[in-house]
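Visitor: Below is the file entry.json, which contains JSON, C-alpha atoms.
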```json
[["chain", "number", "residue", "atom", "x", "y", "z"],
["A", 1, "MET", "CA", 56.71, 94.71, 87.63],
["A", 2, "PRO", "CA", 60.12, 92.99, 87.99],
["A", 3, "HIS", "CA", 60.05, 89.60, 89.67],
["A", 4, "THR", "CA", 62.61, 90.71, 92.26],
["A", 5, "THR", "CA", 60.30, 93.55, 93.33],
["A", 6, "GLN", "CA", 57.38, 91.14, 93.67],
["A", 7, "GLU", "CA", 59.51, 88.88, 95.87],
["A", 8, "ARG", "CA", 60.56, 91.83, 98.02],
["A", 9, "TYR", "CA", 57.00, 93.09, 98.41],
["A", 10, "SER", "CA", 55.75, 89.56, 99.20],
["A", 11, "SER", "CA", 58.42, 89.12, 101.87],
["A", 12, "LEU", "CA", 57.44, 92.46, 103.45],
["A", 13, "VAL", "CA", 53.79, 91.39, 103.59],
["A", 14, "ASP", "CA", 54.82, 88.01, 105.05],
["A", 15, "GLU", "CA", 56.86, 89.72, 107.76],
["A", 16, "LYS", "CA", 53.88, 91.81, 108.81],
["A", 17, "LEU", "CA", 51.65, 88.73, 108.61],
["A", 18, "ARG", "CA", 53.97, 86.78, 110.91],
["A", 19, "ASN", "CA", 54.01, 89.62, 113.43],
["A", 20, "THR", "CA", 50.21, 89.85, 113.33],
["A", 21, "LEU", "CA", 49.50, 86.14, 113.73],
["A", 22, "VAL", "CA", 48.75, 84.72, 117.17],
["A", 23, "THR", "CA", 48.86, 81.23, 115.67],
["A", 24, "LYS", "CA", 52.51, 81.47, 114.74],
["A", 25, "ASP", "CA", 54.43, 78.90, 112.69],
["A", 26, "ASN", "CA", 56.52, 76.44, 114.72],
["A", 27, "LEU", "CA", 54.89, 77.55, 117.99],
["A", 28, "ILE", "CA", 51.30, 76.49, 117.23],
["A", 29, "PHE", "CA", 51.35, 75.24, 113.63],
["A", 30, "ASN", "CA", 54.26, 73.45, 111.98],
["A", 31, "ASN", "CA", 54.92, 74.04, 108.29],
["A", 32, "ARG", "CA", 56.72, 70.82, 107.33],
["A", 33, "TYR", "CA", 55.49, 69.39, 104.05],
["A", 34, "GLU", "CA", 56.44, 67.67, 100.82],
["A", 35, "GLY", "CA", 55.13, 68.79, 97.44],
["A", 36, "ASP", "CA", 54.01, 72.05, 95.87],
["A", 37, "PRO", "CA", 51.22, 74.03, 97.61],
["A", 38, "LYS", "CA", 50.24, 75.59, 94.28],
["A", 39, "ALA", "CA", 49.21, 72.12, 93.09],
["A", 40, "GLY", "CA", 46.38, 72.12, 95.63],
["A", 41, "LYS", "CA", 47.60, 69.39, 97.99],
["A", 42, "VAL", "CA", 50.76, 68.56, 99.95],
["A", 43, "LYS", "CA", 51.86, 65.62, 102.08],
["A", 44, "ILE", "CA", 52.75, 66.09, 105.75],
["A", 45, "PRO", "CA", 55.15, 63.56, 107.31],
["A", 46, "VAL", "CA", 53.71, 62.42, 110.64],
["A", 47, "ARG", "CA", 55.40, 60.01, 113.02],
["A", 48, "ASP", "CA", 53.46, 58.81, 116.06],
["A", 49, "THR", "CA", 56.08, 56.52, 117.57],
["A", 50, "GLU", "CA", 59.72, 56.88, 118.53],
["A", 51, "VAL", "CA", 62.57, 54.55, 117.58],
["A", 52, "GLU", "CA", 62.17, 51.28, 119.48],
["A", 53, "VAL", "CA", 64.89, 50.40, 121.99],
["A", 54, "LYS", "CA", 65.76, 46.66, 122.17],
["A", 55, "THR", "CA", 67.92, 44.39, 124.24],
["A", 56, "TYR", "CA", 71.20, 43.60, 122.50],
["A", 57, "ASN", "CA", 72.53, 40.04, 122.46],
["A", 58, "LYS", "CA", 76.25, 39.58, 121.71],
["A", 59, "GLN", "CA", 75.60, 36.35, 119.80],
["A", 60, "THR", "CA", 72.44, 37.24, 117.88],
["A", 61, "GLY", "CA", 72.54, 41.04, 117.86],
["A", 62, "ALA", "CA", 69.23, 42.90, 117.91],
["A", 63, "SER", "CA", 66.24, 42.37, 115.65],
["A", 64, "ILE", "CA", 65.55, 45.16, 113.20],
["A", 65, "SER", "CA", 62.33, 47.13, 113.21],
["A", 66, "GLN", "CA", 60.80, 49.30, 110.54],
["A", 67, "GLY", "CA", 60.08, 53.00, 110.89],
["A", 68, "SER", "CA", 56.44, 54.04, 111.02],
["A", 69, "THR", "CA", 56.40, 57.48, 109.41],
["A", 70, "ALA", "CA", 53.03, 58.06, 107.78],
["A", 71, "TYR", "CA", 51.80, 60.89, 105.57],
["A", 72, "PHE", "CA", 48.85, 63.18, 106.13],
["A", 73, "ASP", "CA", 47.28, 64.76, 103.03],
["A", 74, "LEU", "CA", 46.67, 68.48, 103.46],
["A", 75, "ASN", "CA", 44.41, 70.21, 100.97],
["A", 76, "ILE", "CA", 45.51, 73.73, 100.07],
["A", 77, "ASP", "CA", 41.92, 74.87, 99.83],
["A", 78, "ILE", "CA", 41.94, 78.48, 101.04],
["A", 79, "ASP", "CA", 42.61, 81.12, 98.39],
["A", 80, "GLU", "CA", 42.73, 84.75, 99.49],
["A", 81, "ALA", "CA", 43.66, 87.93, 97.66],
["A", 82, "VAL", "CA", 44.62, 91.51, 98.29],
["A", 83, "ASN", "CA", 43.43, 93.89, 95.58],
["A", 84, "GLU", "CA", 43.25, 97.52, 96.68],
["A", 85, "MET", "CA", 43.26, 100.45, 94.31],
["A", 86, "ILE", "CA", 45.74, 103.30, 94.71],
["A", 87, "ASP", "CA", 43.82, 106.11, 93.02],
["A", 88, "GLY", "CA", 45.67, 108.69, 90.98],
["A", 89, "PHE", "CA", 49.04, 106.95, 90.68],
["A", 90, "ASP", "CA", 50.29, 104.61, 88.02],
["A", 91, "ALA", "CA", 52.47, 101.75, 89.24],
["A", 92, "VAL", "CA", 55.82, 103.45, 88.69],
["A", 93, "SER", "CA", 54.88, 106.69, 90.43],
["A", 94, "VAL", "CA", 53.35, 105.46, 93.70],
["A", 95, "PRO", "CA", 55.16, 107.25, 96.58],
["A", 96, "ASP", "CA", 57.20, 105.00, 98.87],
["A", 97, "GLY", "CA", 55.12, 106.00, 101.90],
["A", 98, "ILE", "CA", 51.87, 104.88, 100.27],
["A", 99, "THR", "CA", 53.49, 101.64, 99.09],
["A", 100, "ALA", "CA", 54.72, 100.85, 102.59],
["A", 101, "GLU", "CA", 51.37, 101.66, 104.17],
["A", 102, "ARG", "CA", 49.40, 99.46, 101.74],
["A", 103, "LEU", "CA", 51.83, 96.53, 102.10],
["A", 104, "ASP", "CA", 51.67, 96.82, 105.89],
["A", 105, "SER", "CA", 47.87, 96.86, 105.77],
["A", 106, "ALA", "CA", 47.79, 93.84, 103.44],
["A", 107, "GLY", "CA", 49.93, 91.81, 105.83],
["A", 108, "TYR", "CA", 47.82, 92.81, 108.82],
["A", 109, "SER", "CA", 44.53, 91.93, 107.10],
["A", 110, "LEU", "CA", 45.83, 88.57, 105.87],
["A", 111, "GLY", "CA", 47.08, 87.82, 109.38],
["A", 112, "LEU", "CA", 43.68, 88.44, 110.95],
["A", 113, "SER", "CA", 41.93, 86.28, 108.35],
["A", 114, "MET", "CA", 44.44, 83.44, 108.70],
["A", 115, "ASP", "CA", 44.27, 83.58, 112.49],
["A", 116, "THR", "CA", 40.49, 83.31, 112.52],
["A", 117, "LYS", "CA", 40.43, 80.34, 110.16],
["A", 118, "SER", "CA", 43.31, 78.62, 111.99],
["A", 119, "ILE", "CA", 41.64, 78.94, 115.39],
["A", 120, "ARG", "CA", 38.34, 77.71, 113.97],
["A", 121, "LYS", "CA", 40.15, 74.61, 112.70],
["A", 122, "LEU", "CA", 41.49, 73.96, 116.19],
["A", 123, "GLU", "CA", 38.05, 74.50, 117.76],
["A", 124, "GLU", "CA", 35.86, 72.60, 115.32],
["A", 125, "THR", "CA", 37.83, 69.68, 113.82],
["A", 126, "ALA", "CA", 36.00, 66.39, 114.37],
["A", 127, "GLY", "CA", 37.59, 64.22, 117.03],
["A", 128, "ILE", "CA", 39.17, 66.92, 119.21],
["A", 129, "THR", "CA", 38.99, 66.43, 122.99],
["A", 130, "VAL", "CA", 36.41, 68.71, 124.61],
["A", 131, "ALA", "CA", 36.38, 69.23, 128.38],
["A", 132, "THR", "CA", 33.39, 67.65, 130.08],
["A", 133, "SER", "CA", 32.65, 70.77, 132.15],
["A", 134, "LYS", "CA", 30.76, 73.38, 130.17],
["A", 135, "THR", "CA", 30.54, 76.00, 132.92],
["A", 136, "ALA", "CA", 32.73, 79.08, 133.06],
["A", 137, "VAL", "CA", 35.86, 78.87, 135.18],
["A", 138, "THR", "CA", 36.40, 81.08, 138.20],
["A", 139, "GLU", "CA", 39.51, 82.28, 139.99],
["A", 140, "ASN", "CA", 39.27, 79.13, 142.12],
["A", 141, "THR", "CA", 38.86, 76.66, 139.24],
["A", 142, "ALA", "CA", 40.93, 78.10, 136.34],
["A", 143, "TYR", "CA", 44.21, 76.41, 137.30],
["A", 144, "LYS", "CA", 42.42, 73.09, 137.88],
["A", 145, "ALA", "CA", 40.92, 73.35, 134.38],
["A", 146, "VAL", "CA", 44.40, 73.77, 132.89],
["A", 147, "LEU", "CA", 45.71, 70.83, 134.96],
["A", 148, "ALA", "CA", 42.88, 68.69, 133.55],
["A", 149, "ALA", "CA", 44.09, 69.56, 130.04],
["A", 150, "LYS", "CA", 47.68, 68.75, 131.05],
["A", 151, "ARG", "CA", 46.69, 65.35, 132.43],
["A", 152, "THR", "CA", 44.59, 64.51, 129.38],
["A", 153, "GLN", "CA", 47.32, 65.46, 126.92],
["A", 154, "SER", "CA", 50.01, 63.63, 128.88],
["A", 155, "ARG", "CA", 47.93, 60.43, 128.75],
["A", 156, "LEU", "CA", 47.61, 60.90, 124.98],
["A", 157, "GLY", "CA", 51.41, 61.08, 124.64],
["A", 158, "VAL", "CA", 51.66, 64.79, 123.83],
["A", 159, "PRO", "CA", 55.33, 65.70, 124.41],
["A", 160, "ASN", "CA", 56.06, 67.86, 127.44],
["A", 161, "ASP", "CA", 59.02, 69.47, 125.71],
["A", 162, "GLY", "CA", 58.24, 73.14, 126.23],
["A", 163, "LYS", "CA", 56.20, 73.42, 123.02],
["A", 164, "ARG", "CA", 52.72, 72.78, 124.40],
["A", 165, "PHE", "CA", 50.54, 75.81, 123.74],
["A", 166, "LEU", "CA", 47.43, 77.31, 125.31],
["A", 167, "ILE", "CA", 45.38, 79.89, 123.38],
["A", 168, "ALA", "CA", 43.35, 81.88, 125.90],
["A", 169, "SER", "CA", 40.25, 83.92, 125.22],
["A", 170, "PRO", "CA", 40.25, 87.46, 126.68],
["A", 171, "GLU", "CA", 37.80, 86.29, 129.36],
["A", 172, "PHE", "CA", 39.96, 83.34, 130.43],
["A", 173, "MET", "CA", 43.07, 85.54, 130.29],
["A", 174, "GLU", "CA", 41.42, 87.93, 132.73],
["A", 175, "VAL", "CA", 41.05, 85.09, 135.24],
["A", 176, "LEU", "CA", 44.57, 83.74, 134.65],
["A", 177, "LEU", "CA", 46.16, 87.10, 135.42],
["A", 178, "THR", "CA", 44.82, 86.90, 138.99],
["A", 179, "ASP", "CA", 46.45, 83.50, 139.61],
["A", 180, "ASP", "CA", 49.88, 83.54, 141.26],
["A", 181, "LYS", "CA", 50.74, 80.30, 139.43],
["A", 182, "PHE", "CA", 50.66, 82.18, 136.13],
["A", 183, "ILE", "CA", 54.17, 83.15, 135.03],
["A", 184, "LYS", "CA", 53.81, 86.61, 133.55],
["A", 185, "GLN", "CA", 55.55, 87.95, 130.46],
["A", 186, "GLY", "CA", 58.17, 89.85, 132.44],
["A", 187, "ASP", "CA", 59.59, 86.58, 133.78],
["A", 188, "LEU", "CA", 59.85, 84.86, 130.38],
["A", 189, "SER", "CA", 62.82, 84.63, 128.04],
["A", 190, "GLN", "CA", 63.11, 87.42, 125.48],
["A", 191, "GLU", "CA", 62.71, 84.87, 122.67],
["A", 192, "LEU", "CA", 59.29, 83.75, 123.95],
["A", 193, "VAL", "CA", 58.15, 87.34, 124.43],
["A", 194, "GLN", "CA", 59.19, 88.27, 120.89],
["A", 195, "ASN", "CA", 57.17, 85.33, 119.57],
["A", 196, "GLY", "CA", 53.98, 86.55, 121.21],
["A", 197, "VAL", "CA", 53.91, 84.38, 124.34],
["A", 198, "VAL", "CA", 52.13, 86.34, 127.10],
["A", 199, "GLY", "CA", 52.88, 83.91, 129.93],
["A", 200, "ARG", "CA", 53.26, 80.28, 131.02],
["A", 201, "ILE", "CA", 51.15, 78.04, 133.20],
["A", 202, "ALA", "CA", 51.41, 74.31, 133.97],
["A", 203, "GLY", "CA", 54.02, 73.91, 131.23],
["A", 204, "TYR", "CA", 52.00, 75.67, 128.51],
["A", 205, "ASN", "CA", 53.12, 78.69, 126.50],
["A", 206, "VAL", "CA", 50.13, 81.02, 126.74],
["A", 207, "PHE", "CA", 48.89, 83.12, 123.82],
["A", 208, "GLU", "CA", 45.87, 85.44, 123.91],
["A", 209, "SER", "CA", 43.41, 85.76, 121.02],
["A", 210, "ASN", "CA", 40.10, 87.52, 120.57],
["A", 211, "ASN", "CA", 39.37, 85.28, 117.56],
["A", 212, "THR", "CA", 38.27, 82.34, 119.70],
["A", 213, "MET", "CA", 34.60, 81.37, 119.50],
["A", 214, "PHE", "CA", 32.34, 83.75, 121.44],
["A", 215, "GLU", "CA", 28.64, 83.05, 122.03],
["A", 216, "ASP", "CA", 28.47, 81.10, 118.77],
["A", 217, "THR", "CA", 25.02, 79.69, 118.04],
["A", 218, "SER", "CA", 25.94, 77.45, 115.10],
["A", 219, "LEU", "CA", 27.96, 74.75, 116.89],
["A", 220, "VAL", "CA", 25.40, 73.44, 119.40],
["A", 221, "ALA", "CA", 21.70, 73.81, 118.64],
["A", 222, "GLY", "CA", 19.89, 76.06, 121.11],
["A", 223, "LYS", "CA", 23.04, 77.10, 122.98],
["A", 224, "LYS", "CA", 25.64, 79.82, 122.88],
["A", 225, "THR", "CA", 29.16, 78.36, 122.77],
["A", 226, "THR", "CA", 32.22, 80.27, 123.96],
["A", 227, "THR", "CA", 35.75, 78.87, 123.90],
["A", 228, "GLU", "CA", 37.71, 79.60, 127.07],
["A", 229, "PHE", "CA", 41.00, 78.05, 125.97],
["A", 230, "ILE", "CA", 42.58, 75.67, 123.47],
["A", 231, "CYS", "CA", 45.57, 73.43, 124.24],
["A", 232, "GLY", "CA", 47.74, 71.54, 121.77],
["A", 233, "HIS", "CA", 51.19, 70.85, 120.37],
["A", 234, "PRO", "CA", 52.60, 71.86, 116.95],
["A", 235, "ASN", "CA", 53.52, 68.21, 116.15],
["A", 236, "TRP", "CA", 49.98, 67.56, 114.92],
["A", 237, "CYS", "CA", 48.85, 71.05, 113.86],
["A", 238, "HIS", "CA", 49.75, 71.84, 110.26],
["A", 239, "ARG", "CA", 49.53, 74.95, 108.12],
["A", 240, "VAL", "CA", 51.15, 75.44, 104.72],
["A", 241, "GLN", "CA", 51.02, 78.69, 102.76],
["A", 242, "GLU", "CA", 52.39, 80.02, 99.49],
["A", 243, "TRP", "CA", 51.95, 83.03, 97.24],
["A", 244, "SER", "CA", 50.23, 81.77, 94.10],
["A", 245, "VAL", "CA", 50.56, 85.30, 92.69],
["A", 246, "PRO", "CA", 53.30, 87.37, 94.36],
["A", 247, "VAL", "CA", 52.45, 90.82, 95.65],
["A", 248, "GLY", "CA", 52.89, 93.64, 93.17],
["A", 249, "ILE", "CA", 51.70, 97.15, 92.42],
["A", 250, "ASN", "CA", 50.12, 96.87, 89.02],
["A", 251, "ASN", "CA", 48.56, 99.34, 86.61],
["A", 252, "LEU", "CA", 44.81, 99.02, 86.24],
["A", 253, "THR", "CA", 43.74, 98.57, 82.64],
["A", 254, "ASN", "CA", 40.04, 99.27, 83.14],
["A", 255, "GLU", "CA", 38.10, 102.49, 83.58],
["A", 256, "PHE", "CA", 40.35, 103.71, 86.43],
["A", 257, "ILE", "CA", 42.70, 105.72, 84.22],
["A", 258, "GLY", "CA", 46.10, 106.48, 85.71],
["A", 259, "SER", "CA", 45.49, 104.31, 88.79],
["A", 260, "SER", "CA", 47.15, 101.19, 90.15],
["A", 261, "ALA", "CA", 46.47, 98.55, 92.79],
["A", 262, "VAL", "CA", 48.26, 96.41, 95.34],
["A", 263, "GLN", "CA", 47.49, 92.88, 94.17],
["A", 264, "GLY", "CA", 48.48, 89.39, 95.23],
["A", 265, "ARG", "CA", 47.00, 85.93, 95.96],
["A", 266, "LYS", "CA", 47.95, 83.63, 98.81],
["A", 267, "VAL", "CA", 46.88, 79.98, 99.03],
["A", 268, "TYR", "CA", 47.07, 77.95, 102.21],
["A", 269, "GLY", "CA", 45.75, 74.89, 103.98],
["A", 270, "ILE", "CA", 45.18, 74.07, 107.66],
["A", 271, "GLY", "CA", 44.88, 70.57, 109.10],
["A", 272, "ILE", "CA", 45.01, 68.58, 112.34],
["A", 273, "SER", "CA", 46.55, 65.12, 111.86],
["A", 274, "LYS", "CA", 45.76, 63.80, 115.37],
["A", 275, "PRO", "CA", 42.63, 65.64, 116.53],
["A", 276, "GLN", "CA", 42.41, 64.02, 119.97],
["A", 277, "THR", "CA", 45.59, 65.86, 121.00],
["A", 278, "ILE", "CA", 43.72, 69.19, 120.80],
["A", 279, "TYR", "CA", 41.96, 69.98, 124.09],
["A", 280, "VAL", "CA", 39.23, 72.63, 124.12],
["A", 281, "LYS", "CA", 37.51, 74.09, 127.20],
["A", 282, "ARG", "CA", 34.10, 75.50, 126.25],
["A", 283, "VAL", "CA", 31.23, 77.24, 127.94],
["A", 284, "GLU", "CA", 27.70, 76.42, 126.77],
["A", 285, "SER", "CA", 24.85, 78.62, 127.92]]
```
Could you write out this structure as structure tokens?
Guide:
Amino acid sequence: MPHTTQERYSSLVDEKLRNTLVTKDNLIFNNRYEGDPKAGKVKIPVRDTEVEVKTYNKQTGASISQGSTAYFDLNIDIDEAVNEMIDGFDAVSVPDGITAERLDSAGYSLGLSMDTKSIRKLEETAGITVATSKTAVTENTAYKAVLAAKRTQSRLGVPNDGKRFLIASPEFMEVLLTDDKFIKQGDLSQELVQNGVVGRIAGYNVFESNNTMFEDTSLVAGKKTTTEFICGHPNWCHRVQEWSVPVGINNLTNEFIGSSAVQGRKVYGIGISKPQTIYVKRVES
């Protein structure tokens, strides 16, 4: 298959993947990096401090300080593939409708898988901040729970620049929708709506996901753990992805005579460079 066709198919799958993802790039995860993801590891530039402002003296000037940009190593350790047979068609004769349907399905499936792994990284990374209350919120306490996250993140220096995010479970979303402090989708900018934001509350862009932890028994021995919401900022949430084998429709050379398959491999890595800036509200029962 020509390389240009592989690039075109890969870009179509990526477009569907982006539309499927709740954990979108630049809104929840940033994708800044240096290096080649196919090599298995990239470096993420991370700066914790801003440029220092100093008093200027006309005689002596101002002393010079050194920047403090550090690098966070991100392992590209997740390798996923799409490999679905198209029975009865060789690669050159697959109808356009079938090609489009399989590419769309590949992007959707990759998106669900990537979302689940990305949210698990936010929920389970060592060092994240977990709310002290482990009881379920009510209509009377939901807003206070979000304000507790806001206070905690502000004290940790998380920028209040409009990029703070809150990923809500369906159960927490149900409670939020009854609160008049919740700014619903109809009152948001079109850009936020197009990027999957379902509302805003206490300065957070709100996203809804059914991939948050639900009655998980592996995290805390003897208890069922459910995530109500996750708060963070894309400054310290990193995800880097690359096609190690671009998507193509290839002839099968085994016993499936006259058949082809949609095939491709994507590698990616997910990391949190400053775990304490992630705030998770859980229920343990």
Visitor: Counting only C-alpha atoms, which residues have an atom no more than 8 Å from (41.2, 74.8, 100.5) in the file's coordinates? Please list them as a list of chain:residue names.
Guide: A:Gly40, A:Asn75, A:Ile76, A:Asp77, A:Ile78, A:Asp79, A:Val267, A:Tyr268, A:Gly269
Visitor: Near A:Ala81, within 8 Å and counting all atoms listed in the file, which residues show up once chain neighbours fewer than 3 positions away are dropped, as a list in words?
Guide: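 Surrounding residues, per the criterion: Gln263, Gly264, Arg265 and Lys266 of chain A.
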Visitor: Which residues are near A:Thr217? Cut-off 12 Å, only C-alpha atoms, ignore same chain within fewer than 3 positions. Put them as an mmCIF file with C-alpha atoms, keeping the file's coordinate frame.
Guide:
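Final output, part01.cif:
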```cif
data_model
loop_
_atom_site.group_PDB
_atom_site.id
_atom_site.type_symbol
_atom_site.label_atom_id
_atom_site.label_comp_id
_atom_site.auth_asym_id
_atom_site.auth_seq_id
_atom_site.Cartn_x
_atom_site.Cartn_y
_atom_site.Cartn_z
ATOM 1 C CA MET A 213 34.600 81.370 119.500
ATOM 2 C CA PHE A 214 32.340 83.750 121.440
ATOM 3 C CA VAL A 220 25.400 73.440 119.400
ATOM 4 C CA ALA A 221 21.700 73.810 118.640
ATOM 5 C CA GLY A 222 19.890 76.060 121.110
ATOM 6 C CA LYS A 223 23.040 77.100 122.980
ATOM 7 C CA LYS A 224 25.640 79.820 122.880
ATOM 8 C CA THR A 225 29.160 78.360 122.770
ATOM 9 C CA THR A 226 32.220 80.270 123.960
ATOM 10 C CA VAL A 283 31.230 77.240 127.940
ATOM 11 C CA GLU A 284 27.700 76.420 126.770
ATOM 12 C CA SER A 285 24.850 78.620 127.920
#
```
Visitor: Which residue gives the smallest distance to A:Met85 among A:Ala261, A:Ile28, A:Leu103, A:Cys231, with only C-alpha atoms counted?
Guide: A:Ala261
Visitor: Looking at A:Ile272, A:Val53, A:Ala100, A:Leu112, which one is nearest to A:Asn235, with distances taken over all atoms listed in the file?
Guide: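 So, comparing all the options, the nearest one is A:Ile272.
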Visitor: Using only C-alpha atoms, which residues of stretch 1-106 of chain A come within 12 Å of stretch 118-123 of chain A, and what is the closest atom pair for each, with the distance in Å to one decimal? Give it as JSON lines, sorted by chain and residue number.
Guide:
```
{"residue": "A:Leu21", "atom": "CA", "partner": "A:Ser118", "partner_atom": "CA", "distance": 9.9}
{"residue": "A:Val22", "atom": "CA", "partner": "A:Ile119", "partner_atom": "CA", "distance": 9.3}
{"residue": "A:Thr23", "atom": "CA", "partner": "A:Ser118", "partner_atom": "CA", "distance": 7.2}
{"residue": "A:Lys24", "atom": "CA", "partner": "A:Ser118", "partner_atom": "CA", "distance": 10.0}
{"residue": "A:Asp25", "atom": "CA", "partner": "A:Ser118", "partner_atom": "CA", "distance": 11.1}
{"residue": "A:Ile28", "atom": "CA", "partner": "A:Ser118", "partner_atom": "CA", "distance": 9.8}
{"residue": "A:Phe29", "atom": "CA", "partner": "A:Ser118", "partner_atom": "CA", "distance": 8.9}
{"residue": "A:Ile78", "atom": "CA", "partner": "A:Ser118", "partner_atom": "CA", "distance": 11.0}
```
Visitor: Expressed in Å to a single decimal, how great is the separation between atom CA of A:Phe256 and atom CA of A:Ser244?
Guide: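 Computed distance, atom CA of A:Phe256 to atom CA of A:Ser244, equals 25.3 Å.
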Visitor: As a PDB file with C-alpha atoms, in the coordinates of the input, please: the residues near stretch 17-20 of chain A (cut-off 8 Å, only C-alpha atoms, same-chain neighbours under 4 positions excluded).
Guide:
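Wrote it out as result.pdb, contents follow:
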```pdb
ATOM      1  CA  VAL A  13      53.790  91.390 103.590  1.00  0.00           C
ATOM      2  CA  LYS A  24      52.510  81.470 114.740  1.00  0.00           C
ATOM      3  CA  GLY A 107      49.930  91.810 105.830  1.00  0.00           C
ATOM      4  CA  TYR A 108      47.820  92.810 108.820  1.00  0.00           C
ATOM      5  CA  SER A 109      44.530  91.930 107.100  1.00  0.00           C
ATOM      6  CA  LEU A 110      45.830  88.570 105.870  1.00  0.00           C
ATOM      7  CA  GLY A 111      47.080  87.820 109.380  1.00  0.00           C
ATOM      8  CA  LEU A 112      43.680  88.440 110.950  1.00  0.00           C
TER       9      LEU A 112
END
```
Visitor: Which residues are near stretch 4-12 of chain A? Cut-off 8 Å, only C-alpha atoms, ignore same chain within fewer than 2 positions. Put them as a list in words.
Guide: Met1, Pro2, Asp14, Glu15, Lys16, Leu103, Asp104, Gly107, Trp243, Pro246, Val247 and Gly248 of chain A
Visitor: Create the file for the chosen residues now, containing C-alpha atoms and written as a PDB file, in the coordinates of the input.
Guide:
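part-v6.pdb, written as the output of this step:
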```pdb
ATOM      1  CA  MET A   1      56.710  94.710  87.630  1.00  0.00           C
ATOM      2  CA  PRO A   2      60.120  92.990  87.990  1.00  0.00           C
ATOM      3  CA  ASP A  14      54.820  88.010 105.050  1.00  0.00           C
ATOM      4  CA  GLU A  15      56.860  89.720 107.760  1.00  0.00           C
ATOM      5  CA  LYS A  16      53.880  91.810 108.810  1.00  0.00           C
ATOM      6  CA  LEU A 103      51.830  96.530 102.100  1.00  0.00           C
ATOM      7  CA  ASP A 104      51.670  96.820 105.890  1.00  0.00           C
ATOM      8  CA  GLY A 107      49.930  91.810 105.830  1.00  0.00           C
ATOM      9  CA  TRP A 243      51.950  83.030  97.240  1.00  0.00           C
ATOM     10  CA  PRO A 246      53.300  87.370  94.360  1.00  0.00           C
ATOM     11  CA  VAL A 247      52.450  90.820  95.650  1.00  0.00           C
ATOM     12  CA  GLY A 248      52.890  93.640  93.170  1.00  0.00           C
TER      13      GLY A 248
END
```
Visitor: Can you work out which one of A:Ser169, A:Thr141, A:Thr253, A:Thr152 has the shortest atom-to-atom distance to A:Tyr279, counting only C-alpha atoms?
Guide: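 Distance minimum relative to A:Tyr279 lands on A:Thr152.
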Visitor: Nearest to A:Gln153: which of A:Val82, A:Leu252, A:Ile270, A:Val280 is it, counting all atoms listed in the file?
Guide: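 Of A:Val82, A:Leu252, A:Ile270, A:Val280, the one nearest A:Gln153 is A:Val280, counting all atoms listed in the file.
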Visitor: Atom CA of A:Phe229 to atom CA of A:Asp161: how many Å, to one decimal?
Guide: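 Distance reported for this atom pair: 20.0 Å.
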Visitor: Have a look at atom CA of A:Ser273 and atom CA of A:Thr135 and let me know their distance in Å, one decimal.
Guide: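 These atoms are spaced 28.6 Å apart.
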Visitor: For stretch 202-206 of chain A, list every protein, DNA or RNA residue within 12 Å, evaluated using all atoms listed in the file, and leave out those in the same chain fewer than 5 positions away; present the list as a ChimeraX atom specification.
Guide: /A:22-23,27-28,142-151,153-154,158-170,172-173,176-177,179-185,188-189,192-193,195-197,229-234
Visitor: Pick from A:Ile86, A:Met114, A:Val130, A:Leu219: nearest to A:Glu101, with all atoms listed in the file counted?
Guide: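 Using all atoms listed in the file, A:Glu101 sits closest to A:Ile86.
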